[in-house]
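Asks: So that you have it, the file is run-v5.txt, and it contains compact mmCIF, C-alpha atoms:
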```
# COMPACT_ATOMS: atom_id res chain seq x y z
CA MET A 252 -5.36 9.22 -26.40
CA LYS A 253 -7.49 12.08 -27.60
CA PHE A 254 -8.13 15.13 -25.48
CA GLN A 255 -10.95 17.59 -26.03
CA LYS A 256 -10.17 20.60 -28.16
CA PRO A 257 -7.96 22.94 -26.13
CA THR A 258 -9.22 26.27 -24.94
CA PRO A 259 -7.44 29.49 -26.03
CA ALA A 260 -5.49 29.37 -22.78
CA GLN A 261 -4.07 25.99 -23.82
CA ASP A 262 -3.13 26.82 -27.41
CA ARG A 263 0.59 26.83 -26.66
CA GLN A 264 0.51 23.64 -24.58
CA LEU A 265 -0.01 20.29 -26.29
CA ALA A 266 -0.86 17.04 -24.55
CA PRO A 267 2.24 14.84 -24.20
CA SER A 268 2.45 11.74 -26.34
CA PHE A 269 2.56 8.37 -24.59
CA ALA A 270 6.25 8.04 -25.48
CA GLU A 271 7.08 11.50 -24.11
CA ALA A 272 5.25 10.76 -20.87
CA THR A 273 6.98 7.38 -20.58
CA ARG A 274 10.39 9.03 -20.86
CA PHE A 275 9.48 11.33 -17.99
CA TRP A 276 8.22 8.50 -15.76
CA VAL A 277 11.43 6.55 -16.38
CA LYS A 278 13.49 9.62 -15.47
CA LEU A 279 11.39 10.17 -12.34
CA GLY A 280 12.12 6.63 -11.19
CA PHE A 281 15.86 7.38 -11.15
CA ILE A 282 15.69 10.81 -9.47
CA SER A 283 12.91 10.28 -6.92
CA PHE A 284 15.09 10.73 -3.84
CA GLY A 285 13.96 12.37 -0.63
CA GLY A 286 11.02 10.23 0.39
CA PRO A 287 7.44 11.32 -0.35
CA THR A 288 8.10 15.00 0.26
CA GLY A 289 11.02 15.15 -2.13
CA GLN A 290 9.19 13.06 -4.74
CA ILE A 291 6.07 15.23 -4.57
CA ALA A 292 8.28 18.30 -4.88
CA ILE A 293 9.87 16.90 -8.03
CA MET A 294 6.46 16.19 -9.58
CA GLN A 295 5.24 19.62 -8.54
CA THR A 296 8.19 21.24 -10.29
CA GLU A 297 8.13 19.07 -13.41
CA LEU A 298 4.44 18.38 -14.01
CA VAL A 299 2.87 21.62 -12.79
CA GLU A 300 5.50 24.34 -13.23
CA LYS A 301 7.71 23.22 -16.13
CA LYS A 302 5.76 20.85 -18.36
CA LYS A 303 2.30 22.20 -17.42
CA TRP A 304 0.67 18.82 -17.90
CA ILE A 305 -1.66 19.40 -14.95
CA SER A 306 -2.85 22.51 -13.11
CA GLN A 307 -1.94 23.29 -9.51
CA SER A 308 -5.43 22.72 -8.10
CA ARG A 309 -5.92 19.42 -9.97
CA PHE A 310 -2.50 18.30 -8.75
CA LEU A 311 -3.45 19.09 -5.14
CA HIS A 312 -6.86 17.46 -5.61
CA ALA A 313 -5.17 14.22 -6.68
CA LEU A 314 -2.51 14.53 -3.96
CA ASN A 315 -5.06 14.88 -1.18
CA TYR A 316 -6.90 11.76 -2.34
CA CYS A 317 -3.61 9.84 -2.38
CA MET A 318 -2.80 11.12 1.12
CA LEU A 319 -5.92 9.38 2.42
CA LEU A 320 -5.00 5.98 0.93
CA PRO A 321 -2.81 3.24 2.42
CA GLY A 322 0.54 2.92 0.70
CA PRO A 323 3.10 5.34 -0.78
CA GLU A 324 1.25 8.53 -1.71
CA ALA A 325 3.93 9.77 -4.13
CA GLN A 326 3.73 6.63 -6.27
CA GLN A 327 -0.06 6.77 -6.17
CA LEU A 328 0.06 10.40 -7.29
CA ALA A 329 2.21 9.37 -10.26
CA ILE A 330 -0.31 6.63 -11.12
CA TYR A 331 -3.16 9.13 -10.89
CA VAL A 332 -1.53 11.69 -13.21
CA GLY A 333 -0.40 8.98 -15.64
CA TRP A 334 -3.96 7.61 -15.70
CA LEU A 335 -5.44 11.05 -16.33
CA LEU A 336 -3.08 11.63 -19.25
CA HIS A 337 -3.03 8.21 -20.92
CA LYS A 338 -5.71 5.98 -19.42
CA THR A 339 -4.94 2.70 -17.65
CA TRP A 340 -1.65 2.01 -19.44
CA GLY A 341 -0.49 5.52 -18.61
CA GLY A 342 -1.10 4.83 -14.93
CA ILE A 343 0.61 1.43 -15.12
CA VAL A 344 3.72 2.88 -16.75
CA ALA A 345 3.89 5.81 -14.31
CA GLY A 346 3.47 3.64 -11.24
CA ALA A 347 5.71 0.81 -12.41
CA PHE A 348 8.69 2.95 -13.39
CA PHE A 349 8.35 4.88 -10.15
CA VAL A 350 9.63 1.77 -8.35
CA ILE A 351 11.44 -0.36 -10.97
CA PRO A 352 14.82 1.46 -10.71
CA SER A 353 14.76 1.24 -6.93
CA ILE A 354 13.89 -2.48 -7.11
CA PHE A 355 17.17 -3.22 -8.92
CA ILE A 356 19.28 -0.75 -6.93
CA LEU A 357 18.00 -1.93 -3.55
CA TRP A 358 18.30 -5.58 -4.61
CA ALA A 359 21.99 -5.02 -5.43
CA LEU A 360 22.60 -3.16 -2.16
CA SER A 361 20.73 -5.83 -0.19
CA TYR A 362 22.91 -8.53 -1.77
CA ILE A 363 26.10 -6.61 -0.94
CA TYR A 364 24.84 -6.11 2.61
CA ALA A 365 23.84 -9.75 3.14
CA ALA A 366 26.91 -11.27 1.45
CA PHE A 367 29.72 -8.87 2.38
CA GLY A 368 28.44 -6.56 5.09
CA ASN A 369 28.73 -2.78 4.90
CA VAL A 370 31.05 -1.56 2.12
CA PRO A 371 32.88 1.69 3.09
CA TRP A 372 32.77 3.39 -0.33
CA VAL A 373 29.05 2.68 -0.69
CA SER A 374 28.43 4.10 2.78
CA ALA A 375 30.46 7.18 1.79
CA ILE A 376 28.24 7.85 -1.24
CA PHE A 377 25.15 7.49 0.94
CA TYR A 378 26.71 9.88 3.45
CA GLY A 379 27.05 12.50 0.72
CA LEU A 380 23.49 11.92 -0.48
CA LYS A 381 21.82 12.60 2.86
CA PRO A 382 22.40 16.39 2.88
CA ALA A 383 21.05 16.59 -0.69
CA VAL A 384 17.95 14.66 0.32
CA MET A 385 17.47 17.03 3.25
CA ALA A 386 17.68 20.00 0.87
CA ILE A 387 15.13 18.41 -1.47
CA VAL A 388 12.74 17.99 1.46
CA ALA A 389 13.26 21.63 2.47
CA VAL A 390 12.54 22.78 -1.08
CA ALA A 391 9.35 20.71 -0.97
CA VAL A 392 8.25 22.54 2.17
CA VAL A 393 8.85 25.93 0.54
CA ARG A 394 7.15 25.14 -2.76
CA ILE A 395 4.11 23.33 -1.39
CA GLY A 396 3.77 25.91 1.39
CA ARG A 397 3.70 28.77 -1.11
CA LYS A 398 0.78 27.13 -2.89
CA ALA A 399 -1.22 25.96 0.12
CA LEU A 400 -0.71 28.54 2.89
CA LYS A 401 -2.66 31.46 1.45
CA ASN A 402 -3.91 33.02 4.69
CA GLU A 403 -3.61 32.99 8.48
CA ILE A 404 -6.10 30.12 8.86
CA MET A 405 -4.03 27.83 6.64
CA TRP A 406 -0.83 28.82 8.45
CA THR A 407 -2.50 28.01 11.79
CA LEU A 408 -3.62 24.59 10.56
CA ALA A 409 -0.11 23.82 9.33
CA ALA A 410 1.40 24.86 12.68
CA LEU A 411 -1.11 22.78 14.65
CA ALA A 412 -0.43 19.74 12.48
CA PHE A 413 3.32 20.10 13.07
CA VAL A 414 2.86 20.42 16.84
CA ALA A 415 0.47 17.45 16.90
CA ILE A 416 2.79 15.04 15.09
CA PHE A 417 6.19 16.33 16.31
CA PHE A 418 5.50 16.86 20.01
CA PHE A 419 2.47 14.65 20.71
CA HIS A 420 3.07 11.91 18.10
CA ILE A 421 -0.57 11.92 17.02
CA PRO A 422 -1.00 9.46 14.12
CA PHE A 423 -0.96 10.92 10.64
CA PRO A 424 -4.45 9.64 9.65
CA VAL A 425 -5.98 11.26 12.75
CA ILE A 426 -4.42 14.60 11.79
CA ILE A 427 -5.68 14.34 8.22
CA LEU A 428 -9.21 13.31 9.20
CA THR A 429 -9.38 16.08 11.81
CA ALA A 430 -8.22 18.63 9.25
CA GLY A 431 -10.88 17.43 6.82
CA VAL A 432 -13.62 17.89 9.44
CA VAL A 433 -12.30 21.36 10.29
CA GLY A 434 -12.33 22.21 6.58
CA LEU A 435 -15.94 21.07 6.18
CA ILE A 436 -17.09 23.14 9.14
CA GLY A 437 -14.89 26.10 8.24
CA GLY A 438 -16.19 26.07 4.67
CA ARG A 439 -19.69 26.65 5.97
CA LEU A 440 -18.70 29.43 8.35
CA TRP A 441 -15.84 31.17 6.50
CA LYS A 442 -15.74 29.98 2.91
CA GLU A 443 -13.34 32.63 1.57
CA LYS A 444 -10.66 31.55 4.06
CA PHE A 445 -11.02 27.81 3.52
CA ASP A 446 -11.59 27.53 -0.24
CA VAL A 447 -7.88 27.66 -1.11
CA VAL A 448 -7.53 24.55 -3.24
CA GLY A 449 -10.73 25.28 -5.12
CA GLY A 450 -10.06 28.94 -5.74
CA HIS A 451 -9.19 29.63 -9.37
CA SER A 452 -6.04 31.52 -10.13
CA LYS A 453 -6.37 34.83 -11.88
CA THR A 454 -3.36 34.04 -14.03
CA LEU A 455 -3.68 32.36 -17.40
CA ASP A 456 -3.80 28.58 -17.00
CA GLU A 457 -1.92 26.94 -19.88
CA SER A 458 -1.96 23.42 -18.42
CA VAL A 459 -3.03 20.45 -20.49
CA LEU A 460 -5.31 19.37 -17.63
CA SER A 461 -6.38 22.85 -16.56
CA ASP A 462 -8.91 23.85 -13.90
CA THR A 463 -11.54 24.67 -16.51
CA ALA A 464 -11.00 21.62 -18.75
CA GLU A 465 -13.46 18.77 -18.38
CA SER A 466 -12.14 15.46 -17.13
CA PRO A 467 -11.15 13.08 -19.97
CA GLU A 468 -13.83 10.67 -21.12
CA HIS A 469 -12.08 7.62 -19.69
CA THR A 470 -12.41 9.01 -16.14
CA ARG A 471 -16.22 8.67 -16.13
CA PRO A 472 -17.22 6.13 -13.43
CA SER A 473 -19.39 3.05 -14.01
CA TRP A 474 -20.27 0.02 -11.92
CA SER A 475 -19.25 -2.45 -14.62
CA ARG A 476 -15.84 -0.82 -14.89
CA ALA A 477 -15.43 -0.80 -11.09
CA MET A 478 -16.20 -4.50 -10.80
CA ARG A 479 -13.88 -5.37 -13.69
CA ILE A 480 -11.02 -3.33 -12.21
CA THR A 481 -11.54 -4.91 -8.78
CA ALA A 482 -11.52 -8.47 -10.13
CA ILE A 483 -8.44 -7.98 -12.32
CA TRP A 484 -6.26 -6.24 -9.74
CA LEU A 485 -7.25 -8.49 -6.85
CA ALA A 486 -6.29 -11.51 -8.98
CA LEU A 487 -2.95 -9.91 -9.93
CA TRP A 488 -2.30 -9.05 -6.30
CA ILE A 489 -2.98 -12.51 -4.88
CA ALA A 490 -1.80 -14.86 -7.66
CA PRO A 491 1.98 -14.77 -6.92
CA VAL A 492 1.36 -15.39 -3.21
CA LEU A 493 -0.75 -18.46 -3.95
CA ALA A 494 1.83 -19.69 -6.47
CA VAL A 495 4.59 -19.50 -3.84
CA GLY A 496 2.35 -21.29 -1.34
CA PHE A 497 1.73 -24.15 -3.78
CA CYS A 498 5.43 -24.45 -4.66
CA LYS A 499 7.11 -23.98 -1.26
CA GLY A 500 4.38 -24.78 1.23
CA TRP A 501 1.92 -22.68 3.22
CA GLY A 502 4.28 -22.47 6.18
CA SER A 503 7.33 -21.37 4.18
CA THR A 504 9.07 -18.05 4.75
CA LEU A 505 8.32 -16.89 1.21
CA PHE A 506 4.57 -17.53 1.55
CA GLN A 507 4.48 -15.96 5.00
CA GLU A 508 6.24 -12.86 3.62
CA GLY A 509 3.73 -12.57 0.79
CA LEU A 510 0.81 -12.97 3.19
CA PHE A 511 2.15 -10.61 5.84
CA PHE A 512 3.09 -7.79 3.46
CA SER A 513 -0.27 -8.16 1.67
CA LYS A 514 -1.93 -7.40 5.00
CA ALA A 515 0.52 -4.59 5.67
CA ALA A 516 -0.37 -3.01 2.31
CA VAL A 517 -3.88 -2.19 3.50
CA VAL A 518 -2.87 -0.69 6.85
CA THR A 519 0.11 1.45 5.82
CA PHE A 520 -1.64 4.76 6.49
CA GLY A 521 0.64 7.62 7.38
CA GLY A 522 3.64 6.65 5.27
CA ALA A 523 6.63 4.43 5.87
CA TYR A 524 7.59 5.88 9.25
CA ALA A 525 4.14 5.07 10.63
CA VAL A 526 4.23 1.41 9.59
CA LEU A 527 7.90 0.60 10.26
CA PRO A 528 7.50 -0.03 14.01
CA TYR A 529 4.77 -2.60 13.25
CA VAL A 530 6.83 -4.28 10.51
CA ALA A 531 9.97 -4.30 12.67
CA GLN A 532 8.12 -5.87 15.60
CA GLN A 533 6.66 -8.62 13.42
CA ALA A 534 9.83 -9.28 11.39
CA LEU A 535 12.13 -9.43 14.42
CA PHE A 536 10.05 -10.95 17.21
CA HIS A 537 7.10 -12.78 15.65
CA TYR A 538 8.60 -14.30 12.49
CA GLY A 539 12.30 -14.03 13.34
CA TRP A 540 13.23 -12.99 9.79
CA LEU A 541 15.71 -10.29 10.86
CA LYS A 542 18.27 -9.84 13.57
CA PRO A 543 18.37 -6.77 15.85
CA GLY A 544 19.88 -3.79 14.05
CA GLN A 545 19.16 -5.04 10.55
CA MET A 546 15.91 -3.08 10.29
CA MET A 547 17.74 0.22 10.79
CA ASP A 548 20.41 -0.81 8.30
CA GLY A 549 17.66 -1.45 5.77
CA LEU A 550 16.05 1.90 6.50
CA GLY A 551 19.39 3.60 5.87
CA LEU A 552 19.69 1.87 2.49
CA ALA A 553 16.11 2.72 1.51
CA GLU A 554 16.46 6.38 2.54
CA THR A 555 19.34 6.91 0.13
CA THR A 556 17.96 5.12 -2.92
CA PRO A 557 15.36 6.47 -5.35
CA GLY A 558 11.76 5.40 -4.94
CA PRO A 559 9.36 5.33 -1.98
CA LEU A 560 10.83 4.88 1.50
CA ILE A 561 8.48 1.92 1.94
CA MET A 562 10.96 0.09 -0.33
CA VAL A 563 12.62 -0.84 2.96
CA LEU A 564 10.08 -3.68 3.00
CA GLN A 565 11.88 -5.18 -0.01
CA PHE A 566 15.06 -5.24 2.08
CA VAL A 567 13.15 -7.07 4.83
CA GLY A 568 11.82 -9.58 2.29
CA PHE A 569 15.29 -10.14 0.81
CA VAL A 570 17.23 -10.52 4.07
CA GLY A 571 14.46 -12.56 5.71
CA ALA A 572 14.47 -15.11 2.87
CA TRP A 573 18.29 -15.01 2.56
CA GLN A 574 18.62 -15.98 6.22
CA HIS A 575 15.87 -18.62 5.91
CA PRO A 576 16.40 -20.09 2.41
CA GLU A 577 14.65 -23.39 3.20
CA GLY A 578 16.49 -25.49 0.62
CA LEU A 579 17.02 -22.77 -1.97
CA PRO A 580 20.33 -21.00 -2.68
CA PRO A 581 20.32 -17.89 -0.45
CA LEU A 582 20.52 -15.52 -3.43
CA VAL A 583 17.53 -17.19 -5.13
CA ALA A 584 15.51 -17.21 -1.91
CA GLY A 585 16.39 -13.57 -1.20
CA THR A 586 15.52 -12.47 -4.72
CA VAL A 587 12.13 -14.22 -4.67
CA GLY A 588 11.46 -12.81 -1.19
CA ALA A 589 12.32 -9.30 -2.37
CA LEU A 590 10.16 -9.56 -5.49
CA ILE A 591 7.07 -10.97 -3.81
CA THR A 592 7.33 -8.40 -1.01
CA THR A 593 7.58 -5.57 -3.51
CA TRP A 594 4.75 -6.98 -5.65
CA VAL A 595 2.20 -7.24 -2.82
CA THR A 596 3.25 -3.84 -1.43
CA PHE A 597 2.75 -1.84 -4.63
CA THR A 598 0.14 -3.72 -6.69
CA PRO A 599 -2.73 -2.57 -4.41
CA CYS A 600 -1.82 1.06 -5.22
CA PHE A 601 -3.03 0.55 -8.79
CA LEU A 602 -6.30 -0.87 -7.49
CA TRP A 603 -6.93 2.12 -5.20
CA ILE A 604 -6.30 4.65 -7.99
CA PHE A 605 -8.05 2.91 -10.90
CA LEU A 606 -11.06 2.08 -8.70
CA GLY A 607 -11.44 5.36 -6.83
CA GLY A 608 -10.02 7.85 -9.33
CA PRO A 609 -13.17 8.24 -11.47
CA TYR A 610 -15.29 9.03 -8.42
CA ILE A 611 -12.73 11.52 -7.08
CA GLU A 612 -12.66 13.25 -10.48
CA GLN A 613 -16.43 13.73 -10.30
CA LEU A 614 -16.02 15.52 -6.97
CA ARG A 615 -13.59 18.07 -8.41
CA GLY A 616 -15.07 21.54 -7.98
CA ASN A 617 -17.38 20.47 -5.14
CA VAL A 618 -17.22 23.38 -2.71
CA LYS A 619 -17.61 21.25 0.44
CA LEU A 620 -14.86 18.92 -0.74
CA THR A 621 -12.48 21.70 -1.74
CA THR A 622 -12.72 23.42 1.65
CA ALA A 623 -11.94 20.09 3.32
CA LEU A 624 -9.03 19.49 0.92
CA SER A 625 -7.70 23.00 1.53
CA ALA A 626 -7.50 22.28 5.25
CA ILE A 627 -5.94 18.86 4.60
CA THR A 628 -3.33 20.40 2.28
CA ALA A 629 -2.37 22.96 4.93
CA SER A 630 -2.05 20.19 7.51
CA VAL A 631 0.09 18.17 5.12
CA VAL A 632 2.53 21.10 5.00
CA GLY A 633 2.88 20.81 8.78
CA VAL A 634 3.50 17.08 8.48
CA VAL A 635 6.11 17.72 5.78
CA VAL A 636 7.84 20.21 8.07
CA ASN A 637 7.92 17.49 10.74
CA LEU A 638 9.68 15.13 8.32
CA ALA A 639 12.08 17.90 7.30
CA VAL A 640 12.97 18.60 10.95
CA TRP A 641 13.38 14.88 11.71
CA PHE A 642 15.64 14.43 8.72
CA ALA A 643 17.68 17.55 9.57
CA LEU A 644 18.25 16.41 13.16
CA ASN A 645 19.47 13.00 12.03
CA THR A 646 21.62 14.38 9.19
CA LEU A 647 23.17 17.49 10.73
CA PHE A 648 23.47 16.18 14.30
CA PRO A 649 24.42 12.48 14.05
CA GLY A 650 24.31 10.89 17.47
CA HIS A 651 22.74 14.13 18.78
CA ALA A 652 26.14 15.07 20.23
CA THR A 653 28.22 16.54 17.42
CA ILE A 654 27.54 18.86 14.52
CA ASP A 655 28.27 17.60 10.99
CA TRP A 656 29.64 20.76 9.33
CA PHE A 657 30.12 18.99 6.01
CA ALA A 658 26.43 18.06 5.93
CA ILE A 659 25.41 21.61 6.88
CA GLY A 660 27.55 23.15 4.14
CA LEU A 661 26.54 20.70 1.44
CA SER A 662 22.81 20.94 2.24
CA ALA A 663 23.00 24.76 2.28
CA VAL A 664 24.65 24.84 -1.15
CA ALA A 665 22.07 22.40 -2.55
CA LEU A 666 19.17 24.33 -1.02
CA VAL A 667 20.28 27.72 -2.34
CA GLY A 668 21.10 26.22 -5.73
CA MET A 669 17.66 24.66 -6.15
CA LEU A 670 15.71 27.66 -4.86
CA ARG A 671 17.69 30.53 -6.37
CA TRP A 672 19.40 29.08 -9.42
CA LYS A 673 16.80 26.39 -10.18
CA TRP A 674 19.30 23.52 -10.15
CA ASP A 675 17.85 20.24 -11.33
CA VAL A 676 17.59 17.36 -8.89
CA ILE A 677 19.84 15.02 -10.90
CA PRO A 678 23.07 17.08 -10.70
CA VAL A 679 22.36 17.85 -7.05
CA VAL A 680 22.00 14.17 -6.15
CA VAL A 681 24.95 13.01 -8.27
CA GLY A 682 27.18 15.85 -7.09
CA SER A 683 26.39 15.23 -3.43
CA GLY A 684 27.11 11.52 -3.74
CA LEU A 685 30.46 12.27 -5.40
CA CYS A 686 31.34 14.72 -2.62
CA GLY A 687 30.79 11.96 -0.06
CA LEU A 688 32.95 9.56 -2.07
CA VAL A 689 35.76 12.13 -2.46
CA LEU A 690 35.67 12.81 1.28
CA HIS A 691 36.11 9.08 1.90
CA LEU A 692 38.97 8.75 -0.62
CA LEU A 693 40.78 11.67 1.05
CA GLY A 694 40.51 9.91 4.38
CA PHE A 695 38.11 12.31 6.09
CA LYS A 696 35.18 9.90 6.30
```
Here is a file; write its structure as structure tokens.
Replies:
Amino acid sequence: MKFQKPTPAQDRQLAPSFAEATRFWVKLGFISFGGPTGQIAIMQTELVEKKKWISQSRFLHALNYCMLLPGPEAQQLAIYVGWLLHKTWGGIVAGAFFVIPSIFILWALSYIYAAFGNVPWVSAIFYGLKPAVMAIVAVAVVRIGRKALKNEIMWTLAALAFVAIFFFHIPFPVIILTAGVVGLIGGRLWKEKFDVVGGHSKTLDESVLSDTAESPEHTRPSWSRAMRITAIWLALWIAPVLAVGFCKGWGSTLFQEGLFFSKAAVVTFGGAYAVLPYVAQQALFHYGWLKPGQMMDGLGLAETTPGPLIMVLQFVGFVGAWQHPEGLPPLVAGTVGALITTWVTFTPCFLWIFLGGPYIEQLRGNVKLTTALSAITASVVGVVVNLAVWFALNTLFPGHATIDWFAIGLSAVALVGMLRWKWDVIPVVVGSGLCGLVLHLLGFK
């Protein structure tokens, strides 16, 4: 694609080629551990700080839009940035490779789980990964907090968001919507305190997509484009479900999975943790796909594989079809169940971004919007802290009775290494997994 002529501030930074961007998206798919917070932290580090493909404020602008959508916000953010850089195919490549590695990894783990039960050496690797994931989440809190919490108002909003979700269990969408309203009102009364996202940095911006650069031509909205995008992606979303219904029957497990997870895809506000109780209740008690305890086993597998945590739904689709093959070999039924579940879960994300992205780009720089987004960003920091605390409690204090000193030591080393010595995520994740395996081989775990 062709960008507008760069400004003097961009002379040293060239737009990435499609091939260069593709290599990054493939890499991201293999290292995107840590749930949405860890994945957003990785993109923050790589896209904003190292590669300078997008400026900080444009990154946060896109992130806040994705936070308001149903589905995995980290994958949607990747689609958004890929679309900005290389049009529709850029978004498709970014979003697809964000989940493709985890599809194969989780499929293999689901097969091992369903066919052989828990394998000790696999569990040992996952045990070593958990402290690293916790450290990645903590680094996300630090890095996003540094960018978003510019004054006492933003710190207060972050603290209130943490208290609301951690102690009172207020739903994530309610927190975000409330923060947006506070930002709109605060922007009118105290603009200099609330216009954090929209405020331009005084430092030289060398990003390809900088604050001052106009949005690329392909991001201009039009009704004809919106209707075309809607028709194409709705057809892609629904077609596999209808095909399964025709082949296996409208009452089959595979069709019911496709239909149920299609509905779930439009109500998954607030991330995986918000939707899991609903999915668990339906999968266990309404449809009878899973047995008690299997949902938590699937969550454990999904937490320690790359990709969005909502990938746990693929595990549900696999095990549900494996245990109800309805004339098919269990492996074939499980594989089809996993694929159709994953397809209907993630395909809508492309629709939300390609349809809404052009209109969101036109709102960039709107003062009322930026004050609302500043408040939302601060509240998101509080929500991220909640996830970090939840993860720390479950990693460092398993069973809430004993202290896991190995996890504490390993997470501390990973945290200091990433913050002080700028360790890359890949060696941290690989090294932590190997530490867990070594501990198992030595007989300590």
Asks: Closest to His469 (chain A) among A:Ile351, A:Leu336, A:Ile416, A:Leu360, using only C-alpha atoms?
Replies: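 For His469 (chain A), the nearest of the candidates is A:Leu336.
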Asks: Name the residues, using the chain letters and numbers of the file, that sit within 12 Å of (13.1, -18.5, -1.2) when counting all atoms listed in the file, and give them as a PyMOL selection string.
Replies: chain A and resi 495-496+498-500+503-509+568-592
Asks: Could you work out an axis-aligned box for region 330-336 of chain A, taking every atom the file lists and adding 4 Å on each side, and report centre and edge lengths in Å to one decimal, as lines of an AutoDock Vina configuration file?
Replies:
```
center_x = -2.9
center_y = 9.2
center_z = -15.1
size_x = 13.1
size_y = 13.1
size_z = 16.4
```
Asks: For each of A:Pro609, A:Gly633, A:Pro371, A:Gly539, take the minimum atom-to-atom distance to Met405 (chain A), counting only C-alpha atoms, then give the residue where this is smallest.
Replies: A:Gly633
Asks: As an exercise, work out the distance from CA of Leu380 (chain A) to CA of Ala665 (chain A) in Å and give it to one decimal place.
Replies: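 Taking CA of Leu380 (chain A) as the start and CA of Ala665 (chain A) as the end point, the length is 10.8 Å.
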Asks: Between A:His537, A:Ala531, A:Asp462, A:Ala412, which has the minimum distance to Val425 (chain A) (counting only C-alpha atoms)?
Replies: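 Ranked by minimum distance to Val425 (chain A), first place goes to A:Ala412.
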